[in-house]
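Inspection log for the structure reproduced underneath, given as structure tokens.
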Amino acid sequence: MSTETTASVSTHILDTSVGRPAEGVAITLTARSGRNAEWVTLGGSATDADGRCKDLPALPEGTTHVRLDFEVEEYFLNKHRSKKQAEAQQDAPRVRDSGAFFPEVAITFAVTPGEHYHVPLLLNPFGYSVYRGS
């Protein structure tokens with residue numbers, strides 16, 4: 001939860017190739033306090049059955065920039081193994097090894113104390129989109 005001196009972050013992932021939440025994607029949260037400051041890993045979590053990550057760590061006071069690292073390769077590997085999704089796609093070219101062109105997605109954004117930042121990731125094996133949600 002954000003306070004007057006800190007910001008807060010939440011996220012969720014929708015796999016647009018199947019129109020469903022992406023469950024089990026590992027996410028790491030890092031932050032820094034200034035453009036030239038070192039990145040500090042605060043912790044991480046994984047998406048639930050609804051594609052949401054509800055337990056990301058709180059941001060420390062003075063945070064100015066946040067990075068969310070989504071480890072999507074394992075999600076697509078598991079999806080490919082369990083559902084043979086790659087063969088079912090209409091004329092989609094096979095992606096070597098992982099079933100995903102982007103094995104990870106890193107989103108970096110600036111934050112202001114007192115604000116909440118919900119950052120949804122729309123994901124498919126060949127691309128992604130991200131935006132500031134509400």
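Order determines the names: the first chain of the structure tokens is A, the second B, and so forth; residues in each chain are numbered 1 upward, and ligands are numbered 1 upward as they are shown.
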
Within 10 Å of Val25 of chain A using only C-alpha atoms, minus same-chain residues under 2 positions, as a ChimeraX atom specification: /A:12-13,22-23,27,45-48,51-53,70-76

Export of prior selection with N, CA and C atoms as a JSON list (two decimals), in the first residue's frame:
[["chain", "number", "residue", "atom", "x", "y", "z"],
["A", 12, "HIS", "N", -0.42, -7.81, -13.16],
["A", 12, "HIS", "CA", -1.04, -9.07, -13.57],
["A", 12, "HIS", "C", -0.65, -9.32, -15.03],
["A", 13, "ILE", "N", -0.81, -10.58, -15.45],
["A", 13, "ILE", "CA", -0.43, -10.97, -16.82],
["A", 13, "ILE", "C", -1.59, -11.67, -17.49],
["A", 22, "ALA", "N", -2.03, -15.67, -17.15],
["A", 22, "ALA", "CA", -0.80, -16.47, -17.16],
["A", 22, "ALA", "C", -0.44, -16.82, -15.72],
["A", 23, "GLU", "N", -0.61, -18.07, -15.37],
["A", 23, "GLU", "CA", -0.35, -18.53, -14.00],
["A", 23, "GLU", "C", 1.08, -19.03, -13.86],
["A", 27, "ILE", "N", 8.17, -13.31, -10.92],
["A", 27, "ILE", "CA", 8.37, -11.86, -11.08],
["A", 27, "ILE", "C", 9.33, -11.40, -9.99],
["A", 45, "SER", "N", 7.80, -12.79, -6.48],
["A", 45, "SER", "CA", 6.65, -13.64, -6.27],
["A", 45, "SER", "C", 6.34, -14.33, -7.60],
["A", 46, "ALA", "N", 5.16, -14.90, -7.70],
["A", 46, "ALA", "CA", 4.71, -15.52, -8.94],
["A", 46, "ALA", "C", 3.22, -15.23, -9.11],
["A", 47, "THR", "N", 2.76, -15.24, -10.34],
["A", 47, "THR", "CA", 1.36, -14.98, -10.60],
["A", 47, "THR", "C", 0.50, -16.15, -10.14],
["A", 48, "ASP", "N", -0.70, -15.83, -9.68],
["A", 48, "ASP", "CA", -1.64, -16.85, -9.23],
["A", 48, "ASP", "C", -2.51, -17.31, -10.41],
["A", 51, "GLY", "N", -3.62, -14.78, -12.75],
["A", 51, "GLY", "CA", -2.57, -14.01, -13.41],
["A", 51, "GLY", "C", -2.08, -12.83, -12.59],
["A", 52, "ARG", "N", -2.51, -12.74, -11.34],
["A", 52, "ARG", "CA", -2.16, -11.59, -10.50],
["A", 52, "ARG", "C", -1.02, -11.94, -9.55],
["A", 53, "CYS", "N", -0.27, -10.92, -9.24],
["A", 53, "CYS", "CA", 0.83, -11.04, -8.27],
["A", 53, "CYS", "C", 0.48, -10.08, -7.13],
["A", 70, "PHE", "N", 9.83, -10.16, -15.53],
["A", 70, "PHE", "CA", 8.91, -11.28, -15.72],
["A", 70, "PHE", "C", 9.67, -12.41, -16.40],
["A", 71, "GLU", "N", 9.77, -13.57, -15.76],
["A", 71, "GLU", "CA", 10.46, -14.73, -16.33],
["A", 71, "GLU", "C", 9.44, -15.56, -17.11],
["A", 72, "VAL", "N", 9.20, -15.21, -18.35],
["A", 72, "VAL", "CA", 8.11, -15.83, -19.12],
["A", 72, "VAL", "C", 8.52, -17.11, -19.85],
["A", 73, "GLU", "N", 9.81, -17.35, -20.01],
["A", 73, "GLU", "CA", 10.26, -18.53, -20.75],
["A", 73, "GLU", "C", 9.72, -19.82, -20.12],
["A", 74, "GLU", "N", 9.84, -19.96, -18.82],
["A", 74, "GLU", "CA", 9.38, -21.19, -18.15],
["A", 74, "GLU", "C", 7.87, -21.36, -18.32],
["A", 75, "TYR", "N", 7.13, -20.26, -18.27],
["A", 75, "TYR", "CA", 5.68, -20.32, -18.49],
["A", 75, "TYR", "C", 5.37, -20.92, -19.87],
["A", 76, "PHE", "N", 6.04, -20.41, -20.91],
["A", 76, "PHE", "CA", 5.78, -20.92, -22.25],
["A", 76, "PHE", "C", 6.28, -22.35, -22.43]]

Write out as a list in words which residues come within 9 Å of Val9 of chain A when counting only C-alpha atoms, dropping same-chain ones fewer than 4 positions away.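 The contact residues come out as Met1, Ser2, Leu56, Pro57, Ala58, Leu59, Val66, Glu115, His116, Tyr117, His118 and Val119 of chain A.
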
Given only C-alpha atoms as the basis, pick out the residue of A:Thr112, A:Asn124, A:Asn36, A:Thr28 nearest to Leu14 of chain A.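 Answer, going by the shortest atom-to-atom distance: A:Asn124.
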
Distance in Å - atom CA of Ala49 of chain A versus atom CA of Asp15 of chain A: 12.0 Å

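Taking atom CA of Gly43 of chain A and atom CA of Ser129 of chain A as the two end points, the separation is 23.3 Å.
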
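Of the listed residues (A:Pro60, A:Val18, A:Ala110, A:Leu123), A:Pro60 comes nearest to Thr5 of chain A; the distances count only C-alpha atoms.
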
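Between atom CA of Arg20 of chain A and atom CA of Thr108 of chain A the interatomic distance comes to 24.4 Å.
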
Taking into account only C-alpha atoms, which residue in the set A:Leu77, A:Ala7, A:Ala106, A:Val40 is nearest to Leu121 of chain A?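 For Leu121 of chain A, the nearest of the given residues is A:Ala106.
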
Tell me which protein, DNA and RNA residues are within 10 Å of Thr41 of chain A, counting only C-alpha atoms, leaving out same-chain ones fewer than 3 positions away, and put them as a CSV table (one decimal) with N, CA, C and O atoms, in the first residue's frame.
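In the end it all went to part-v6.csv:
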chain,number,residue,atom,x,y,z
A,28,THR,N,10.3,-10.6,-10.4
A,28,THR,CA,11.2,-10.0,-9.4
A,28,THR,C,11.1,-8.5,-9.5
A,28,THR,O,10.9,-7.9,-10.5
A,29,LEU,N,11.0,-7.9,-8.3
A,29,LEU,CA,10.9,-6.5,-8.1
A,29,LEU,C,12.2,-5.9,-7.6
A,29,LEU,O,12.8,-6.3,-6.6
A,30,THR,N,12.7,-4.9,-8.4
A,30,THR,CA,13.9,-4.2,-8.0
A,30,THR,C,13.6,-2.7,-8.0
A,30,THR,O,12.7,-2.2,-8.7
A,31,ALA,N,14.4,-1.9,-7.3
A,31,ALA,CA,14.1,-0.5,-7.2
A,31,ALA,C,15.4,0.3,-7.0
A,31,ALA,O,16.4,-0.3,-6.6
A,32,ARG,N,15.4,1.6,-7.3
A,32,ARG,CA,16.5,2.4,-7.0
A,32,ARG,C,16.0,3.8,-6.6
A,32,ARG,O,14.9,4.2,-6.8
A,38,GLU,N,22.3,2.5,-7.5
A,38,GLU,CA,22.3,1.1,-7.8
A,38,GLU,C,20.9,0.5,-7.7
A,38,GLU,O,20.1,0.9,-6.8
A,44,GLY,N,10.4,-11.0,-4.7
A,44,GLY,CA,9.6,-11.4,-5.9
A,44,GLY,C,8.5,-12.3,-5.5
A,44,GLY,O,8.3,-12.6,-4.3
A,57,PRO,N,6.8,-7.1,-2.6
A,57,PRO,CA,7.3,-6.3,-1.5
A,57,PRO,C,7.0,-4.8,-1.6
A,57,PRO,O,6.8,-4.3,-2.7
A,66,VAL,N,11.4,1.8,-10.6
A,66,VAL,CA,11.1,0.4,-10.3
A,66,VAL,C,11.3,-0.4,-11.5
A,66,VAL,O,11.0,0.1,-12.7
A,67,ARG,N,11.7,-1.6,-11.4
A,67,ARG,CA,11.8,-2.6,-12.5
A,67,ARG,C,11.1,-3.9,-12.1
A,67,ARG,O,11.4,-4.4,-11.0

Those of chain A in DSSP helix (DSSP H, G or I), formatted as a PyMOL selection string: chain A and resi 72-83+85-88

Now that the selection is made, can you save its residues with N, CA and C atoms as a compact mmCIF listing (two decimals), in the first residue's frame?
# COMPACT_ATOMS: atom_id res chain seq x y z
N VAL A 72 9.20 -15.21 -18.35
CA VAL A 72 8.11 -15.83 -19.12
C VAL A 72 8.52 -17.11 -19.85
N GLU A 73 9.81 -17.35 -20.01
CA GLU A 73 10.26 -18.53 -20.75
C GLU A 73 9.72 -19.82 -20.12
N GLU A 74 9.84 -19.96 -18.82
CA GLU A 74 9.38 -21.19 -18.15
C GLU A 74 7.87 -21.36 -18.32
N TYR A 75 7.13 -20.26 -18.27
CA TYR A 75 5.68 -20.32 -18.49
C TYR A 75 5.37 -20.92 -19.87
N PHE A 76 6.04 -20.41 -20.91
CA PHE A 76 5.78 -20.92 -22.25
C PHE A 76 6.28 -22.35 -22.43
N LEU A 77 7.39 -22.71 -21.81
CA LEU A 77 7.87 -24.09 -21.86
C LEU A 77 6.82 -25.03 -21.26
N ASN A 78 6.31 -24.68 -20.09
CA ASN A 78 5.31 -25.51 -19.44
C ASN A 78 4.03 -25.58 -20.25
N LYS A 79 3.64 -24.45 -20.81
CA LYS A 79 2.43 -24.40 -21.63
C LYS A 79 2.59 -25.28 -22.87
N HIS A 80 3.76 -25.22 -23.51
CA HIS A 80 4.03 -26.02 -24.70
C HIS A 80 4.01 -27.50 -24.36
N ARG A 81 4.64 -27.86 -23.26
CA ARG A 81 4.69 -29.28 -22.85
C ARG A 81 3.31 -29.81 -22.55
N SER A 82 2.51 -29.06 -21.82
CA SER A 82 1.24 -29.59 -21.34
C SER A 82 0.13 -29.54 -22.38
N LYS A 83 0.17 -28.59 -23.29
CA LYS A 83 -0.95 -28.43 -24.21
C LYS A 83 -0.58 -28.54 -25.68
N GLN A 85 0.70 -26.39 -27.44
CA GLN A 85 0.17 -25.15 -27.99
C GLN A 85 0.84 -24.74 -29.29
N ALA A 86 2.13 -24.98 -29.42
CA ALA A 86 2.84 -24.54 -30.62
C ALA A 86 2.26 -25.17 -31.88
N GLU A 87 1.91 -26.46 -31.81
CA GLU A 87 1.34 -27.13 -32.98
C GLU A 87 -0.07 -26.65 -33.31
N ALA A 88 -0.78 -26.17 -32.31
CA ALA A 88 -2.16 -25.76 -32.51
C ALA A 88 -2.30 -24.37 -33.10

Which of A:Phe101, A:Gly114, A:Asp50, A:Tyr128 sits closest to Thr11 of chain A [using only C-alpha atoms]: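 Ranking A:Phe101, A:Gly114, A:Asp50, A:Tyr128 by distance to Thr11 of chain A, first place goes to A:Asp50.
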
Could you pull out the residues in chain A that DSSP calls strand (DSSP E) from the backbone, as an MDAnalysis selection string? chainID A and resid 8:15 20:21 26:32 40:46 52:53 65:71 105:110 116:118 121:124 127:130

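Checking A:Pro113, A:Val105, A:Tyr131, A:Gly62 one by one against Ala26 of chain A, counting only C-alpha atoms, you find the shortest gap at A:Val105.
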